[in-house]
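One file, entry.cif, carrying mmCIF, C-alpha atoms and all ligand atoms:
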```
data_final
#
loop_
_atom_site.label_atom_id
_atom_site.label_comp_id
_atom_site.auth_asym_id
_atom_site.auth_seq_id
_atom_site.Cartn_x
_atom_site.Cartn_y
_atom_site.Cartn_z
CA MET A 3 -1.83 -18.63 5.65
CA ASN A 4 -0.19 -16.08 3.36
CA TRP A 5 -0.70 -15.88 -0.39
CA ARG A 6 2.37 -17.87 -1.28
CA ASP A 7 1.38 -20.60 1.12
CA ALA A 8 -2.06 -20.56 -0.46
CA ILE A 9 -0.46 -20.94 -3.87
CA ARG A 10 1.70 -23.81 -2.68
CA ALA A 11 -1.27 -25.47 -1.00
CA ALA A 12 -3.11 -25.20 -4.28
CA GLY A 13 -0.32 -26.99 -6.13
CA GLY A 14 2.18 -24.25 -7.03
CA ALA A 15 5.88 -25.01 -6.63
CA PRO A 16 7.50 -23.76 -3.42
CA ASP A 17 9.55 -20.65 -3.80
CA THR A 18 13.07 -21.27 -2.58
CA ARG A 19 14.76 -18.26 -4.10
CA GLY A 20 16.69 -15.76 -2.11
CA ARG A 21 15.63 -12.16 -2.40
CA ALA A 22 17.72 -9.64 -4.23
CA ALA A 23 18.11 -6.06 -3.17
CA VAL A 24 15.53 -3.65 -4.42
CA PRO A 25 16.45 -1.06 -7.02
CA PRO A 26 18.70 1.80 -5.96
CA ALA A 27 16.98 4.87 -4.62
CA GLN A 28 17.11 7.99 -6.74
CA PRO A 29 18.84 10.99 -5.20
CA ASP A 30 15.83 13.26 -5.58
CA GLN A 31 13.35 10.93 -3.93
CA GLU A 32 11.80 12.37 -0.81
CA GLU A 33 11.83 8.99 0.85
CA ALA A 34 14.46 6.35 0.23
CA MET A 35 13.32 2.97 -1.06
CA PRO A 36 13.43 0.22 1.52
CA LYS A 37 16.60 -1.81 1.02
CA ARG A 38 14.93 -5.18 0.81
CA LYS A 39 11.56 -6.80 0.94
CA ALA A 40 10.44 -7.24 4.51
CA GLY A 41 7.92 -9.94 3.73
CA PRO A 42 4.99 -10.94 1.58
CA PRO A 43 1.94 -8.79 1.20
CA ALA A 44 -1.06 -9.72 3.30
CA ALA A 45 -3.24 -12.47 1.95
CA PRO A 46 -6.89 -12.46 1.07
CA VAL A 47 -8.77 -14.75 3.42
CA VAL A 48 -9.66 -17.53 1.03
CA PRO A 49 -9.75 -21.24 1.87
CA ALA A 50 -6.78 -22.78 0.06
CA ASP A 51 -8.35 -26.19 -0.11
CA SER A 52 -11.39 -25.13 -2.07
CA PRO A 53 -11.89 -27.84 -4.72
CA ILE A 54 -13.41 -25.65 -7.34
CA HIS A 55 -12.25 -22.78 -9.46
CA VAL A 56 -14.10 -19.80 -8.11
CA PRO A 57 -12.52 -16.49 -8.96
CA VAL A 58 -12.67 -14.56 -5.73
CA THR A 59 -13.80 -11.10 -6.66
CA GLN A 60 -15.42 -9.14 -3.91
CA GLN A 61 -15.91 -5.45 -3.40
CA GLY A 62 -13.68 -4.57 -0.51
CA ALA A 63 -14.56 -7.75 1.36
CA THR A 64 -11.24 -9.19 2.43
CA ALA A 65 -8.65 -6.60 1.49
CA GLU A 66 -7.49 -4.43 4.31
CA SER A 67 -6.51 -0.98 3.14
CA PRO A 68 -2.76 -0.64 3.58
CA LEU A 69 -2.95 3.13 3.22
CA GLU A 70 -5.67 4.43 5.45
CA ASP A 71 -6.84 7.20 3.15
CA VAL A 72 -7.21 4.92 0.11
CA PRO A 73 -10.21 2.62 -0.28
CA ALA A 74 -9.70 -1.11 -0.66
CA GLY A 75 -10.92 -2.41 -4.01
CA LEU A 76 -11.51 -5.74 -5.64
CA VAL A 77 -9.88 -8.96 -4.49
CA VAL A 78 -8.96 -11.53 -7.13
CA GLY A 79 -7.25 -14.85 -6.68
CA GLY A 80 -6.85 -17.38 -3.98
CA ALA A 81 -7.78 -21.02 -4.23
CA SER A 82 -7.97 -21.05 -7.98
CA ARG A 83 -7.02 -24.69 -8.55
CA ALA A 84 -7.70 -24.47 -12.27
CA ILE A 85 -4.85 -22.00 -12.57
CA PHE A 86 -2.44 -23.51 -10.07
CA GLU A 87 -2.73 -26.96 -11.55
CA ASP A 88 -1.71 -25.50 -14.88
CA PRO A 89 1.71 -26.72 -16.12
CA ALA A 90 2.88 -23.10 -16.05
CA PHE A 91 3.05 -23.48 -12.27
CA LYS A 92 5.76 -26.08 -12.65
CA LEU A 93 7.99 -23.46 -14.31
CA ASN A 94 10.51 -22.39 -11.71
CA SER A 95 12.08 -19.32 -13.24
CA LEU A 96 11.25 -16.43 -15.50
CA GLU A 97 13.67 -17.92 -18.03
CA GLU A 98 11.72 -21.17 -18.06
CA ILE A 99 8.53 -19.23 -18.60
CA ALA A 100 10.12 -17.33 -21.49
CA ALA A 101 11.34 -20.57 -23.07
CA THR A 102 7.91 -22.16 -22.68
CA VAL A 103 6.16 -19.11 -24.10
CA ALA A 104 8.54 -19.28 -27.08
CA GLY A 105 7.21 -22.74 -27.90
CA CYS A 106 3.66 -22.15 -26.75
CA ARG A 107 0.83 -23.47 -28.92
CA ARG A 108 -2.00 -22.91 -26.46
CA CYS A 109 -3.70 -20.46 -28.79
CA PRO A 110 -3.19 -19.64 -32.47
CA LEU A 111 -1.41 -16.32 -31.91
CA TYR A 112 2.04 -17.91 -32.14
CA ALA A 113 1.40 -18.59 -35.81
CA THR A 114 0.97 -14.95 -36.79
CA ALA A 115 3.44 -13.38 -34.36
CA ILE A 116 7.08 -12.75 -35.26
CA ASN A 117 8.41 -13.12 -31.73
CA PRO A 118 7.11 -14.12 -28.33
CA VAL A 119 7.07 -11.24 -25.83
CA PRO A 120 7.17 -12.96 -22.46
CA GLY A 121 8.17 -9.94 -20.38
CA THR A 122 11.35 -8.29 -19.24
CA GLY A 123 12.99 -6.54 -16.32
CA HIS A 124 14.30 -7.09 -12.84
CA PRO A 125 13.51 -10.64 -11.74
CA ASP A 126 12.98 -9.50 -8.16
CA ALA A 127 11.27 -6.23 -8.94
CA ASP A 128 9.15 -4.66 -6.27
CA PHE A 129 7.19 -2.89 -9.00
CA MET A 130 5.51 -4.88 -11.74
CA ILE A 131 3.71 -3.40 -14.72
CA VAL A 132 1.10 -5.29 -16.72
CA GLY A 133 -0.07 -4.18 -20.14
CA GLU A 134 -2.42 -5.70 -22.66
CA ALA A 135 -0.53 -7.41 -25.47
CA PRO A 136 2.47 -6.77 -27.69
CA GLY A 137 2.04 -4.35 -30.57
CA ALA A 138 3.97 -4.27 -33.84
CA ASN A 139 7.21 -2.88 -32.36
CA GLU A 140 7.12 -5.30 -29.46
CA ASP A 141 6.45 -8.19 -31.83
CA GLU A 142 9.48 -7.21 -33.90
CA GLN A 143 11.81 -6.82 -30.92
CA GLY A 144 10.43 -9.46 -28.56
CA GLU A 145 10.21 -6.92 -25.72
CA PRO A 146 7.21 -5.24 -24.13
CA PHE A 147 6.58 -1.51 -24.41
CA VAL A 148 9.33 -0.51 -26.82
CA GLY A 149 7.23 1.70 -29.10
CA ALA A 150 5.90 5.22 -28.52
CA SER A 151 3.75 4.16 -25.57
CA GLY A 152 6.76 2.38 -24.14
CA GLN A 153 8.79 5.56 -24.27
CA LEU A 154 6.05 7.36 -22.40
CA LEU A 155 5.89 4.52 -19.88
CA THR A 156 9.62 4.94 -19.25
CA LYS A 157 8.99 8.62 -18.46
CA ILE A 158 6.03 7.80 -16.22
CA ILE A 159 7.99 5.41 -14.04
CA GLY A 160 10.97 7.78 -14.13
CA ALA A 161 8.72 10.36 -12.50
CA ILE A 162 8.46 8.11 -9.45
CA GLY A 163 12.17 7.41 -9.35
CA LEU A 164 12.21 4.09 -11.19
CA ALA A 165 14.12 2.98 -14.24
CA ARG A 166 12.98 0.21 -16.55
CA SER A 167 15.70 -2.01 -15.15
CA ASP A 168 14.10 -1.63 -11.70
CA VAL A 169 10.72 -2.97 -12.72
CA PHE A 170 9.33 -6.07 -14.37
CA ILE A 171 7.07 -5.47 -17.37
CA ALA A 172 4.76 -8.08 -18.84
CA ASN A 173 1.55 -8.24 -20.81
CA VAL A 174 -1.57 -10.31 -20.34
CA LEU A 175 -0.92 -11.86 -23.77
CA LYS A 176 2.56 -12.98 -24.73
CA HIS A 177 2.04 -12.96 -28.51
CA ARG A 178 0.73 -10.12 -30.65
CA PRO A 179 -2.90 -10.35 -31.78
CA PRO A 180 -2.89 -9.73 -35.55
CA GLY A 181 -3.50 -6.13 -36.48
CA ASN A 182 -3.56 -5.22 -32.77
CA ARG A 183 -7.10 -6.50 -32.45
CA ASN A 184 -8.50 -6.99 -28.97
CA PRO A 185 -7.44 -10.21 -27.26
CA LEU A 186 -10.06 -12.96 -27.34
CA PRO A 187 -11.31 -14.50 -24.09
CA GLU A 188 -9.88 -17.92 -24.99
CA GLU A 189 -6.48 -16.33 -25.66
CA VAL A 190 -6.56 -14.68 -22.26
CA THR A 191 -7.55 -17.94 -20.58
CA ALA A 192 -4.75 -19.80 -22.33
CA CYS A 193 -2.08 -17.20 -21.55
CA SER A 194 -3.07 -16.08 -18.02
CA PRO A 195 -1.25 -18.84 -16.10
CA TYR A 196 2.06 -17.48 -17.42
CA LEU A 197 1.31 -14.06 -15.98
CA VAL A 198 0.12 -15.40 -12.64
CA ARG A 199 3.25 -17.52 -12.39
CA GLN A 200 5.42 -14.53 -13.32
CA ILE A 201 3.83 -12.55 -10.51
CA GLU A 202 4.42 -15.41 -8.12
CA LEU A 203 8.09 -15.63 -9.07
CA VAL A 204 8.79 -11.89 -9.12
CA ARG A 205 6.87 -11.27 -5.90
CA PRO A 206 6.31 -7.55 -6.48
CA LYS A 207 5.10 -5.28 -3.73
CA VAL A 208 2.76 -3.57 -6.15
CA ILE A 209 1.32 -4.18 -9.61
CA LEU A 210 0.39 -1.34 -11.95
CA ALA A 211 -2.25 -2.42 -14.46
CA LEU A 212 -2.17 -0.29 -17.60
CA GLY A 213 -5.41 0.38 -19.39
CA THR A 214 -8.89 -1.01 -19.52
CA PHE A 215 -8.03 -4.41 -20.88
CA ALA A 216 -5.31 -5.27 -18.36
CA ALA A 217 -7.35 -3.88 -15.49
CA GLN A 218 -10.59 -5.61 -16.41
CA THR A 219 -8.85 -8.88 -17.18
CA LEU A 220 -6.80 -9.01 -14.01
CA LEU A 221 -9.63 -7.86 -11.79
CA GLU A 222 -12.27 -10.00 -13.55
CA THR A 223 -14.62 -7.08 -13.85
CA LYS A 224 -16.31 -4.91 -16.42
CA LEU A 225 -15.99 -1.78 -14.30
CA THR A 226 -14.46 1.16 -16.13
CA ILE A 227 -11.02 2.55 -15.42
CA GLY A 228 -12.72 5.58 -13.92
CA LYS A 229 -14.34 3.32 -11.31
CA LEU A 230 -11.24 1.18 -10.73
CA ARG A 231 -8.74 3.98 -10.20
CA GLY A 232 -7.93 5.33 -6.77
CA GLN A 233 -8.36 2.03 -4.95
CA ILE A 234 -5.97 -0.63 -3.77
CA HIS A 235 -7.13 -3.88 -5.33
CA ARG A 236 -5.55 -7.25 -4.60
CA TYR A 237 -4.36 -9.71 -7.22
CA TYR A 238 -3.31 -12.99 -5.65
CA GLY A 239 -2.53 -11.00 -2.54
CA VAL A 240 -0.48 -8.32 -4.28
CA PRO A 241 -1.73 -4.71 -4.14
CA LEU A 242 -2.80 -3.66 -7.62
CA ILE A 243 -3.32 -0.11 -8.87
CA VAL A 244 -5.12 0.70 -12.10
CA THR A 245 -4.21 3.54 -14.41
CA TYR A 246 -4.57 4.65 -18.02
CA HIS A 247 -2.63 2.95 -20.78
CA PRO A 248 0.21 5.16 -22.09
CA ALA A 249 -1.20 4.78 -25.62
CA ALA A 250 -4.41 6.37 -24.33
CA LEU A 251 -2.40 9.18 -22.77
CA LEU A 252 -0.79 9.89 -26.11
CA ARG A 253 -4.28 10.37 -27.52
CA ASN A 254 -5.67 12.22 -24.53
CA PRO A 255 -3.19 14.30 -22.53
CA ALA A 256 -5.97 15.21 -20.06
CA TRP A 257 -5.41 11.78 -18.53
CA LYS A 258 -1.83 12.63 -17.60
CA ARG A 259 -2.84 14.21 -14.31
CA PRO A 260 -4.88 11.22 -13.04
CA THR A 261 -2.11 8.91 -14.24
CA TRP A 262 0.37 10.89 -12.20
CA GLU A 263 -1.85 10.46 -9.14
CA ASP A 264 -2.13 6.73 -9.78
CA VAL A 265 1.60 6.14 -10.05
CA GLN A 266 2.14 8.25 -6.94
CA LEU A 267 -0.24 5.95 -5.13
CA ALA A 268 1.67 2.93 -6.40
CA ARG A 269 4.87 4.56 -5.20
CA ARG A 270 3.36 5.06 -1.73
CA ILE A 271 2.58 1.35 -1.55
CA LEU A 272 6.16 0.60 -2.51
CA ASP A 273 7.45 2.88 0.20
CA ARG A 274 5.16 1.83 3.02
CA PRO A 275 6.58 -0.36 5.77
CA GLN A 276 5.92 -3.99 4.91
CA PRO A 277 3.89 -6.18 7.25
CA ALA A 278 5.96 -8.85 8.98
CA ALA A 279 6.15 -12.19 7.17
CA ASP A 280 3.83 -14.92 8.45
CA ALA A 281 5.57 -17.64 10.38
N1 LIG B 301 0.80 -2.00 -25.41
C1 LIG B 301 0.74 -2.99 -24.48
O1 LIG B 301 -0.25 -3.16 -23.81
N2 LIG B 301 1.83 -3.74 -24.33
C2 LIG B 301 2.94 -3.57 -25.02
O2 LIG B 301 3.90 -4.32 -24.79
C3 LIG B 301 2.97 -2.55 -25.96
C4 LIG B 301 1.90 -1.76 -26.16
#
```
Written as structure tokens, how would this file's structure read?
Amino acid sequence: MNWRDAIRAAGGAPDTRGRAAVPPAQPDQEEAMPKRKAGPPAAPVVPADSPIHVPVTQQGATAESPLEDVPAGLVVGGASRAIFEDPAFKLNSLEEIAATVAGCRRCPLYATAINPVPGTGHPDADFMIVGEAPGANEDEQGEPFVGASGQLLTKIIGAIGLARSDVFIANVLKHRPPGNRNPLPEEVTACSPYLVRQIELVRPKVILALGTFAAQTLLETKLTIGKLRGQIHRYYGVPLIVTYHPAALLRNPAWKRPTWEDVQLARRILDRPQPAADA
């Protein structure tokens, strides 16, 4: 059973969308981007009929390493009924998610935010980027990563031949925490189903988690970025790479080099031949 089947078996809506072409290859890329998705990423081996919500987080237990020289990391997601029974899993498009987020009252952040920031980009992106939460600029404009760190993010993905219109960008939280304070656990719990559903709808080939908060939240771990980098984790079956948040890079340029290595790794995952789809 692949990850989408597992999601459907756990109560998620079936995905009936056709697949759009992947973003155009850049002329200076060494290797052209594959023209379309060949199939879903391999699934973690998790019983889909498990009745309880047990986050499946294991060190290298079920993830095969798709690039032989890169260690497999943590595996998160599977038969998480608590998430898949969430009403967010009845939302059948990114637009529906955005509309629902706009009226969301699951946590108090809507009351202090100016705008919802549900996420933006290519609805069929092979490359998905997940940050922490909107900041002041994002709150004003209703779009993720539009401030100084967003400009740096645009350069970072440009370095691997991607434009913002090629990727889908979302945050763990869809409304700005006042004063940019750290997200609270109950806010993350309330908002997470939107992100999981976005990932399920976009079906990226790789997720890039930016910064400690996104990485630790998605991977359900307290391990540091230093320990999480350089591995191929799995989030609901999708390969996930961890790197530094662009805001941290603005403060500490020494992290540019490791970030470059991380995005190169993500690019390699994008470029690798896809395993055949399960029957
Ligand atoms: N930082 C984030 O994590 N997300 C944004 O959208 C902007 C800044």
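Residues lying within 12 Å of Gly160 of chain A, counting only C-alpha atoms and ignoring same-chain neighbours fewer than 2 positions away, are A:Ala27, A:Gln28, A:Asp30, A:Gln31, A:Gln153, A:Leu154, A:Leu155, A:Thr156, A:Lys157, A:Ile158, A:Ile162, A:Gly163, A:Leu164, A:Ala165, A:Arg166, A:Ser167, A:Asp168, A:Val169, A:Trp262, A:Val265, A:Gln266, A:Arg269.
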Okay, now the selection with C-alpha atoms, as a PDB file, in the frame of the given file?
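This is the output file part38.pdb:
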```
ATOM      1  CA  ALA A  27      16.980   4.870  -4.620  1.00  0.00           C
ATOM      2  CA  GLN A  28      17.110   7.990  -6.740  1.00  0.00           C
ATOM      3  CA  ASP A  30      15.830  13.260  -5.580  1.00  0.00           C
ATOM      4  CA  GLN A  31      13.350  10.930  -3.930  1.00  0.00           C
ATOM      5  CA  GLN A 153       8.790   5.560 -24.270  1.00  0.00           C
ATOM      6  CA  LEU A 154       6.050   7.360 -22.400  1.00  0.00           C
ATOM      7  CA  LEU A 155       5.890   4.520 -19.880  1.00  0.00           C
ATOM      8  CA  THR A 156       9.620   4.940 -19.250  1.00  0.00           C
ATOM      9  CA  LYS A 157       8.990   8.620 -18.460  1.00  0.00           C
ATOM     10  CA  ILE A 158       6.030   7.800 -16.220  1.00  0.00           C
ATOM     11  CA  ILE A 162       8.460   8.110  -9.450  1.00  0.00           C
ATOM     12  CA  GLY A 163      12.170   7.410  -9.350  1.00  0.00           C
ATOM     13  CA  LEU A 164      12.210   4.090 -11.190  1.00  0.00           C
ATOM     14  CA  ALA A 165      14.120   2.980 -14.240  1.00  0.00           C
ATOM     15  CA  ARG A 166      12.980   0.210 -16.550  1.00  0.00           C
ATOM     16  CA  SER A 167      15.700  -2.010 -15.150  1.00  0.00           C
ATOM     17  CA  ASP A 168      14.100  -1.630 -11.700  1.00  0.00           C
ATOM     18  CA  VAL A 169      10.720  -2.970 -12.720  1.00  0.00           C
ATOM     19  CA  TRP A 262       0.370  10.890 -12.200  1.00  0.00           C
ATOM     20  CA  VAL A 265       1.600   6.140 -10.050  1.00  0.00           C
ATOM     21  CA  GLN A 266       2.140   8.250  -6.940  1.00  0.00           C
ATOM     22  CA  ARG A 269       4.870   4.560  -5.200  1.00  0.00           C
TER      23      ARG A 269
END
```
Close residues, Thr219 of chain A itself excluded, 9 Å, all atoms listed in the file, min 5 positions apart in chain, as a CSV table (one decimal) with C-alpha atoms, keeping the file's coordinate frame:
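selection-v7.csv, written as the output of this step:
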```csv
chain,number,residue,atom,x,y,z
A,174,VAL,CA,-1.6,-10.3,-20.3
A,190,VAL,CA,-6.6,-14.7,-22.3
A,214,THR,CA,-8.9,-1.0,-19.5
A,224,LYS,CA,-16.3,-4.9,-16.4
```
Original post:
Which protein, DNA or RNA residues have an atom within 7 Å of ligand LIG 301 (chain B), counting only C-alpha atoms and all ligand atoms, as an NGL selection string?
Top reply: :A and (133-137 or 140 or 145-149 or 151-152 or 173)
Produce a file of the selected residues containing C-alpha atoms, as a PDB file, in the coordinates of the input.
```
ATOM      1  CA  GLY A 133      -0.070  -4.180 -20.140  1.00  0.00           C
ATOM      2  CA  GLU A 134      -2.420  -5.700 -22.660  1.00  0.00           C
ATOM      3  CA  ALA A 135      -0.530  -7.410 -25.470  1.00  0.00           C
ATOM      4  CA  PRO A 136       2.470  -6.770 -27.690  1.00  0.00           C
ATOM      5  CA  GLY A 137       2.040  -4.350 -30.570  1.00  0.00           C
ATOM      6  CA  GLU A 140       7.120  -5.300 -29.460  1.00  0.00           C
ATOM      7  CA  GLU A 145      10.210  -6.920 -25.720  1.00  0.00           C
ATOM      8  CA  PRO A 146       7.210  -5.240 -24.130  1.00  0.00           C
ATOM      9  CA  PHE A 147       6.580  -1.510 -24.410  1.00  0.00           C
ATOM     10  CA  VAL A 148       9.330  -0.510 -26.820  1.00  0.00           C
ATOM     11  CA  GLY A 149       7.230   1.700 -29.100  1.00  0.00           C
ATOM     12  CA  SER A 151       3.750   4.160 -25.570  1.00  0.00           C
ATOM     13  CA  GLY A 152       6.760   2.380 -24.140  1.00  0.00           C
ATOM     14  CA  ASN A 173       1.550  -8.240 -20.810  1.00  0.00           C
TER      15      ASN A 173
END
```
**OP:** Compile the contact shell of Pro179 of chain A as a PyMOL selection string: residues with an atom at most 10 Å away, counting all atoms listed in the file, same-chain residues fewer than 2 positions apart removed.
**Re:** chain A and resi 110-112+114-115+135-138+141+175-177+181-186+189
Produce a file of the selected residues containing C-alpha atoms, as a PDB file, keeping the file's coordinate frame.
```pdb
ATOM      1  CA  PRO A 110      -3.190 -19.640 -32.470  1.00  0.00           C
ATOM      2  CA  LEU A 111      -1.410 -16.320 -31.910  1.00  0.00           C
ATOM      3  CA  TYR A 112       2.040 -17.910 -32.140  1.00  0.00           C
ATOM      4  CA  THR A 114       0.970 -14.950 -36.790  1.00  0.00           C
ATOM      5  CA  ALA A 115       3.440 -13.380 -34.360  1.00  0.00           C
ATOM      6  CA  ALA A 135      -0.530  -7.410 -25.470  1.00  0.00           C
ATOM      7  CA  PRO A 136       2.470  -6.770 -27.690  1.00  0.00           C
ATOM      8  CA  GLY A 137       2.040  -4.350 -30.570  1.00  0.00           C
ATOM      9  CA  ALA A 138       3.970  -4.270 -33.840  1.00  0.00           C
ATOM     10  CA  ASP A 141       6.450  -8.190 -31.830  1.00  0.00           C
ATOM     11  CA  LEU A 175      -0.920 -11.860 -23.770  1.00  0.00           C
ATOM     12  CA  LYS A 176       2.560 -12.980 -24.730  1.00  0.00           C
ATOM     13  CA  HIS A 177       2.040 -12.960 -28.510  1.00  0.00           C
ATOM     14  CA  GLY A 181      -3.500  -6.130 -36.480  1.00  0.00           C
ATOM     15  CA  ASN A 182      -3.560  -5.220 -32.770  1.00  0.00           C
ATOM     16  CA  ARG A 183      -7.100  -6.500 -32.450  1.00  0.00           C
ATOM     17  CA  ASN A 184      -8.500  -6.990 -28.970  1.00  0.00           C
ATOM     18  CA  PRO A 185      -7.440 -10.210 -27.260  1.00  0.00           C
ATOM     19  CA  LEU A 186     -10.060 -12.960 -27.340  1.00  0.00           C
ATOM     20  CA  GLU A 189      -6.480 -16.330 -25.660  1.00  0.00           C
TER      21      GLU A 189
END
```
Could you tell me, as a JSON list (two decimals) with C-alpha atoms, in the frame of the given file, which residues have any atom at most 10 Å from (1.8, 2.3, -7.4), counting all atoms listed in the file?
```json
[["chain", "number", "residue", "atom", "x", "y", "z"],
["A", 129, "PHE", "CA", 7.19, -2.89, -9.00],
["A", 130, "MET", "CA", 5.51, -4.88, -11.74],
["A", 131, "ILE", "CA", 3.71, -3.40, -14.72],
["A", 159, "ILE", "CA", 7.99, 5.41, -14.04],
["A", 162, "ILE", "CA", 8.46, 8.11, -9.45],
["A", 207, "LYS", "CA", 5.10, -5.28, -3.73],
["A", 208, "VAL", "CA", 2.76, -3.57, -6.15],
["A", 209, "ILE", "CA", 1.32, -4.18, -9.61],
["A", 210, "LEU", "CA", 0.39, -1.34, -11.95],
["A", 211, "ALA", "CA", -2.25, -2.42, -14.46],
["A", 234, "ILE", "CA", -5.97, -0.63, -3.77],
["A", 241, "PRO", "CA", -1.73, -4.71, -4.14],
["A", 242, "LEU", "CA", -2.80, -3.66, -7.62],
["A", 243, "ILE", "CA", -3.32, -0.11, -8.87],
["A", 244, "VAL", "CA", -5.12, 0.70, -12.10],
["A", 245, "THR", "CA", -4.21, 3.54, -14.41],
["A", 262, "TRP", "CA", 0.37, 10.89, -12.20],
["A", 263, "GLU", "CA", -1.85, 10.46, -9.14],
["A", 264, "ASP", "CA", -2.13, 6.73, -9.78],
["A", 265, "VAL", "CA", 1.60, 6.14, -10.05],
["A", 266, "GLN", "CA", 2.14, 8.25, -6.94],
["A", 267, "LEU", "CA", -0.24, 5.95, -5.13],
["A", 268, "ALA", "CA", 1.67, 2.93, -6.40],
["A", 269, "ARG", "CA", 4.87, 4.56, -5.20],
["A", 270, "ARG", "CA", 3.36, 5.06, -1.73],
["A", 271, "ILE", "CA", 2.58, 1.35, -1.55],
["A", 272, "LEU", "CA", 6.16, 0.60, -2.51],
["A", 273, "ASP", "CA", 7.45, 2.88, 0.20]]
```
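Using all atoms listed in the file, the smallest distance between any of A:Arg108, A:Lys258, A:Arg274, A:Lys92 and Glu188 of chain A comes from A:Arg108.
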